[in-house]
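A.B. asks: Below is a structure I'd like to ask you about.
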Amino acid sequence: MQIKRGYLGFDVGSVSTNVVITDEHGKPFKTIYLRTHGEPIAAVQKGLHEAAKALPTDFQVLGAGATGSGRQLASVIIGADTVKNEITAHAVAACEQVPGVQTVIEIGGQDSKIIIIRDGVIADFAMNTVCAAGTGSFLDQQAARLEISIEEFGPLALLSKSPVRIAGRCTVFAESDMIHKQQLGHRREDILYGLCQALVRNYLNNVGRGKQITPVVAFQGGVASNVGIRKAFEEALGTEVAVPPNHDCMGALGAAILAKEEMERKKAQDDTAVSKFKGFNGAKLDYRATSFECTHCPNHCEVIEIHCDGQVIARWGNKCPRWDMPVQANKDTAKSVKDEVAIAG
Amino acid sequence: MAVVTFPHLGVYTPAFTWLLTQLGNTVITPQPPGKQTLTLGAVHGPEFACIPLKMCLGTFIEGLDQGADTIVTSGGVGPCRAGLYGTVQREILRSLGYKFDMIVLEPFRRHPVSLLRSVHKLNAAGLSPLRLLQTARQCWAMIKACDVLEHALLKLRPREVEVGSAERVFQRGLKKIFAAHNTAEIDQTTQAVLAEMQRVPIDPNRDPVRVGIVGEIYVLLEPEANLHIERILGEYGAEVHRAIFLTGWTEENVIREGDNETARQAAAPYLDEMIGGHGQDTVGHTVLYAKEGVDGVIQLAPFTCIPEIVARAVLPSVSNDHDIPVISFFLDEQTGEAGYRTRLEAFVDLLTRRRDKRRKAS
């Protein structure tokens with residue numbers, strides 16, 4: 001049976017932009033994975049375009065949510081009902097996908113985080129702040145140096161019989177350690193698994209420091225597809241680590257679920273409430289971001305302006321209210337954009 | 001006649017301008033330490049020094065460039081290195097070729113002679129001891145008024161209908177306070193501004209979570225250093241309780257009359273040693289907030305600050321024992337707010353969901 005209505009979730013990160021489409025009960029049935037390439041607006045528009053292609057023309061969007069570091073930008077373009085940080089989004093998705101989850105380990109391209117969940121609510125969390133040694137970009141880099149694809153990395157690492165010890169504190173040390181061990185003649189799989197262990201040590205010492213990691217443990221984010229890292233976590237924690245099926249787009253899934261919760265809340269208050277979703281034609285509109293430095297005071301705020309077909313529709317980056325968009329005007333432009341879409345469509 | 005400048009300190013800055021002017025000095029009022037100020041401080045300051053040193057150093061350079069020939073700054077006692085910052089900054093500025101006089105105000109109880117000498121130097125108008133006392137009292141009244149109004153602002157922010165409306169009234173009110181002629185007028189103005197703030201439209205249905213902010217005094221009081229955390233939290237719908245106000249006028253004194261447990265006493269089971277700076281207070285305030293039923297605590301600290309690092313190591317036990325979520329932020333030169341906002345928003349979410357769940361359960 002074809003699904004006719006559901007929710008959209010956008011997770012606009014620094015490396016990837018993910019879109020998840022769920023049915024009306026919040027179950028995901030379509031995921032889209034795109035590289036952000038430093039151009040979040042284009043990525044969001046491409047996401048909208050791909051989503052429209054994958055869906056029947058009469059698909060009804062009941063609600064849309066945005067998360068990730070580019071959530072503000074995404075929310076303006078798609079017309080999001082909820083704009084939430086990725087920590088909340090990841091936790092919400094984990095609770096849905098991994099029953100009884102108590103600990104969420106999330107490692108993405110540029111960041112990693114730990115979320116402690118008790119009784120279905122976030123009790124504590126931490127994000128990496130200082131270095132990228134524990135993230136996917138580092139693994140990518142090292143795989144490239146060993147001339148293996150990142151997909152081969154995990155299975156190869158699992159072949160290791162006696163992993164070598166590699167310094168995990170810092171990518172620079174890790175790399176020089178690896179080169180040294182290579183030159184001594186250690187096998188490639190032992191070095192790879194040693195690297196997995198180093199990454200896990202780094203994660204547990206930095207991000208996981210002082211946190212009570214209790215099962216059920218969920219492992220998500222792009223790096224969760226690496227079976228080597230998963231095994232290293234299981235060894236270090238002495239417990240099984242669950243990797244949910246949509247592990248690489250949990251943020252987007254969380255955003256969709258949050259949108260669903262929000263719309264249900266709104267509907268409970270007002271039966272006629274509708275989503276702010278601006279329609280799939282947002283992919284075709286001309287969005288542009290410009291910035292300027294306000295010189296009105298010594299703060300020198302870098303103000304970002306988002307233009308849609310030549311009109312300023314949103315502004316942020318200012319510390320004082322000088323450049324705030326009047327709330328009313330914001331609503332009006334949102335409407336006019338919708339009208340344009342209606343005309344264009 | 002001396003041309004004086006001094007460190008910027010949040011909303012209180014004009015009160016010090018007023019005081020130094022009354023003493024007969026020409027005053028160059030420091031600007032809020034924005035990006036440029038920080039850049040100046042970071043270029044000329046030691047790499048591993050904390051953000052208060054860098055921001056103040058930048059402020060001094062800006063003041064000297066505008067023609068200041070005297071810098072007034074604070075000293076300090078105890079193991080926190082900020083007590084030596086006056087000297088460090090003086091040497092850095094001299095090596096840059098600036099010619100100026102540096103007056104470091106030391107605490108009266110430890111260094112009475114030094115403080116009196118400094119006051120004598122700054123008293124260019126030759127005010128009599130009685131006039132001096134009156135002037136100091138009026139300055140104190142201004143600072144107190146700032147605290148009273150800011151306290152009201154913290155309550156209004158998460159409840160106002162239009163974001164920023166309470167702060168506009170507050171900022172206008174501060175101008176009136178600093179223009180008042182005597183203590184009686186300051187009191188009247190404070191009441192008038194308070195009344196005006198109470199008229200700011202609020203949404204009575206909102207039920208904000210309560211967040212305590214603890215940590216080092218400079219990053220707590222200087223919004224430029226903490227990326228305007230109170231405004232951000234207000235936006236996210238949290239009511240902020242700040243542990244340090246300049247007058248020491250804290251809400252605990254008002255709410256919990258008769259019960260005089262100080263922050264240091266509260267910290268004693270965890271940290272029974274004066275470790276310098278505000279490390280002990282950070283721990284103590286967290287305990288007190290937990291006892292008051294505040295929903296969560298945020299620790300703000302300058303990066304590389306030893307007292308706060310020690311406190312940070314102690315806080316997980318406090319959090320555990322008193323069942324209160326605590327999050328720490330170490331602030332440095334970065335001005336990118338994305339990661340900061342993400343954590344703050346997630347923290348407020350955490351507190352809200354946790355509180356609502358508990359309410360349902362009980």
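If you're wondering about the labels, chains in the structure tokens are A, B, ... by order shown, residues count from 1 in each chain, ligands from 1 in order shown.
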May I ask you to extract the residues of chain A within 8 Å of chain B, using only C-alpha atoms, and to give them as a list in words?
C.D. replies: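 Taken together, these residues fit the definition: Ser69, Lys84, Asn85, Glu86, Ile87, Thr88, Val121, Ile122, Ala123, Asp124, Gly210, Pro298, Asn299, His300 and Pro321 of chain A.
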A.B. asks: List the neighbours of Gly279 of chain B out to 6 Å using only C-alpha atoms; skip same-chain residues closer than 4 positions along the sequence, and give me the result as a PDB file with all heavy atoms, in the first residue's frame.
C.D. replies:
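Output below, filename result-v9.pdb:
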ATOM      1  N   PRO B 307      41.045  27.201  39.584  1.00  0.00           N
ATOM      2  CA  PRO B 307      39.995  27.003  40.592  1.00  0.00           C
ATOM      3  C   PRO B 307      38.730  26.366  40.005  1.00  0.00           C
ATOM      4  O   PRO B 307      38.115  25.497  40.628  1.00  0.00           O
ATOM      5  CB  PRO B 307      39.708  28.425  41.085  1.00  0.00           C
ATOM      6  CG  PRO B 307      40.956  29.183  40.813  1.00  0.00           C
ATOM      7  CD  PRO B 307      41.546  28.590  39.583  1.00  0.00           C
ATOM      8  N   GLU B 308      38.366  26.779  38.796  1.00  0.00           N
ATOM      9  CA  GLU B 308      37.146  26.237  38.188  1.00  0.00           C
ATOM     10  C   GLU B 308      37.360  24.808  37.687  1.00  0.00           C
ATOM     11  O   GLU B 308      36.430  24.015  37.652  1.00  0.00           O
ATOM     12  CB  GLU B 308      36.661  27.146  37.060  1.00  0.00           C
ATOM     13  CG  GLU B 308      36.192  28.526  37.525  1.00  0.00           C
ATOM     14  CD  GLU B 308      35.012  28.489  38.488  1.00  0.00           C
ATOM     15  OE1 GLU B 308      34.200  27.557  38.392  1.00  0.00           O
ATOM     16  OE2 GLU B 308      34.925  29.386  39.354  1.00  0.00           O
ATOM     17  N   ALA B 311      36.829  22.784  40.669  1.00  0.00           N
ATOM     18  CA  ALA B 311      35.397  22.722  40.946  1.00  0.00           C
ATOM     19  C   ALA B 311      34.710  21.763  39.971  1.00  0.00           C
ATOM     20  O   ALA B 311      33.852  20.967  40.365  1.00  0.00           O
ATOM     21  CB  ALA B 311      34.777  24.115  40.836  1.00  0.00           C
TER      22      ALA B 311
END
A.B. asks: Segment 308-310 of chain A: which residues within 9 Å, counting only C-alpha atoms, same-chain residues fewer than 2 positions away excluded, as a ChimeraX atom specification?
C.D. replies: /A:77,285-289,306,312-313,337
A.B. asks: Which of segment 203-353 of chain B end up as helix (DSSP H, G or I) when DSSP is run on this backbone - answer as a PyMOL selection string?
C.D. replies: chain B and resi 217-221+229-235+251-255+263-267+279-292+306-322+338-353
A.B. asks: Which distance in Å separates atom CA of Val287 of chain B and atom CA of Arg359 of chain B, to one decimal?
C.D. replies: 21.9 Å
A.B. asks: List the spatial neighbours of segment 278-284 of chain A as a PyMOL selection string - criterion: any atom at most 7 Å away, only C-alpha atoms, same-chain residues fewer than 4 positions off excluded.
C.D. replies: chain A and resi 45-46+48-49+52+77-79+338+341
A.B. asks: Emit the selected residues as a short mmCIF file (atom, residue, chain, number, x, y, z; two decimals), in the first residue's frame, including N, CA and C atoms.
C.D. replies:
data_model
loop_
_atom_site.label_atom_id
_atom_site.label_comp_id
_atom_site.auth_asym_id
_atom_site.auth_seq_id
_atom_site.Cartn_x
_atom_site.Cartn_y
_atom_site.Cartn_z
N GLN A 45 17.85 22.16 -0.46
CA GLN A 45 17.00 22.20 -1.65
C GLN A 45 17.07 20.88 -2.41
N LYS A 46 18.29 20.33 -2.49
CA LYS A 46 18.44 19.04 -3.16
C LYS A 46 17.65 17.97 -2.40
N LEU A 48 14.96 18.41 -0.61
CA LEU A 48 13.54 18.60 -0.91
C LEU A 48 13.20 17.99 -2.28
N HIS A 49 14.09 18.27 -3.23
CA HIS A 49 13.89 17.79 -4.60
C HIS A 49 13.84 16.27 -4.65
N ALA A 52 10.70 14.90 -3.05
CA ALA A 52 9.54 15.06 -3.93
C ALA A 52 9.53 13.97 -5.00
N ILE A 77 13.95 27.45 4.89
CA ILE A 77 13.70 26.99 3.53
C ILE A 77 12.53 26.01 3.47
N ILE A 78 12.48 25.08 4.42
CA ILE A 78 11.41 24.07 4.33
C ILE A 78 10.13 24.53 5.05
N GLY A 79 10.27 25.47 5.99
CA GLY A 79 9.11 25.84 6.79
C GLY A 79 8.89 24.76 7.83
N LYS A 338 4.59 31.00 0.54
CA LYS A 338 3.63 29.92 0.33
C LYS A 338 2.77 30.22 -0.90
N VAL A 341 4.56 29.63 -4.02
CA VAL A 341 4.63 28.20 -4.29
C VAL A 341 3.32 27.72 -4.89
#
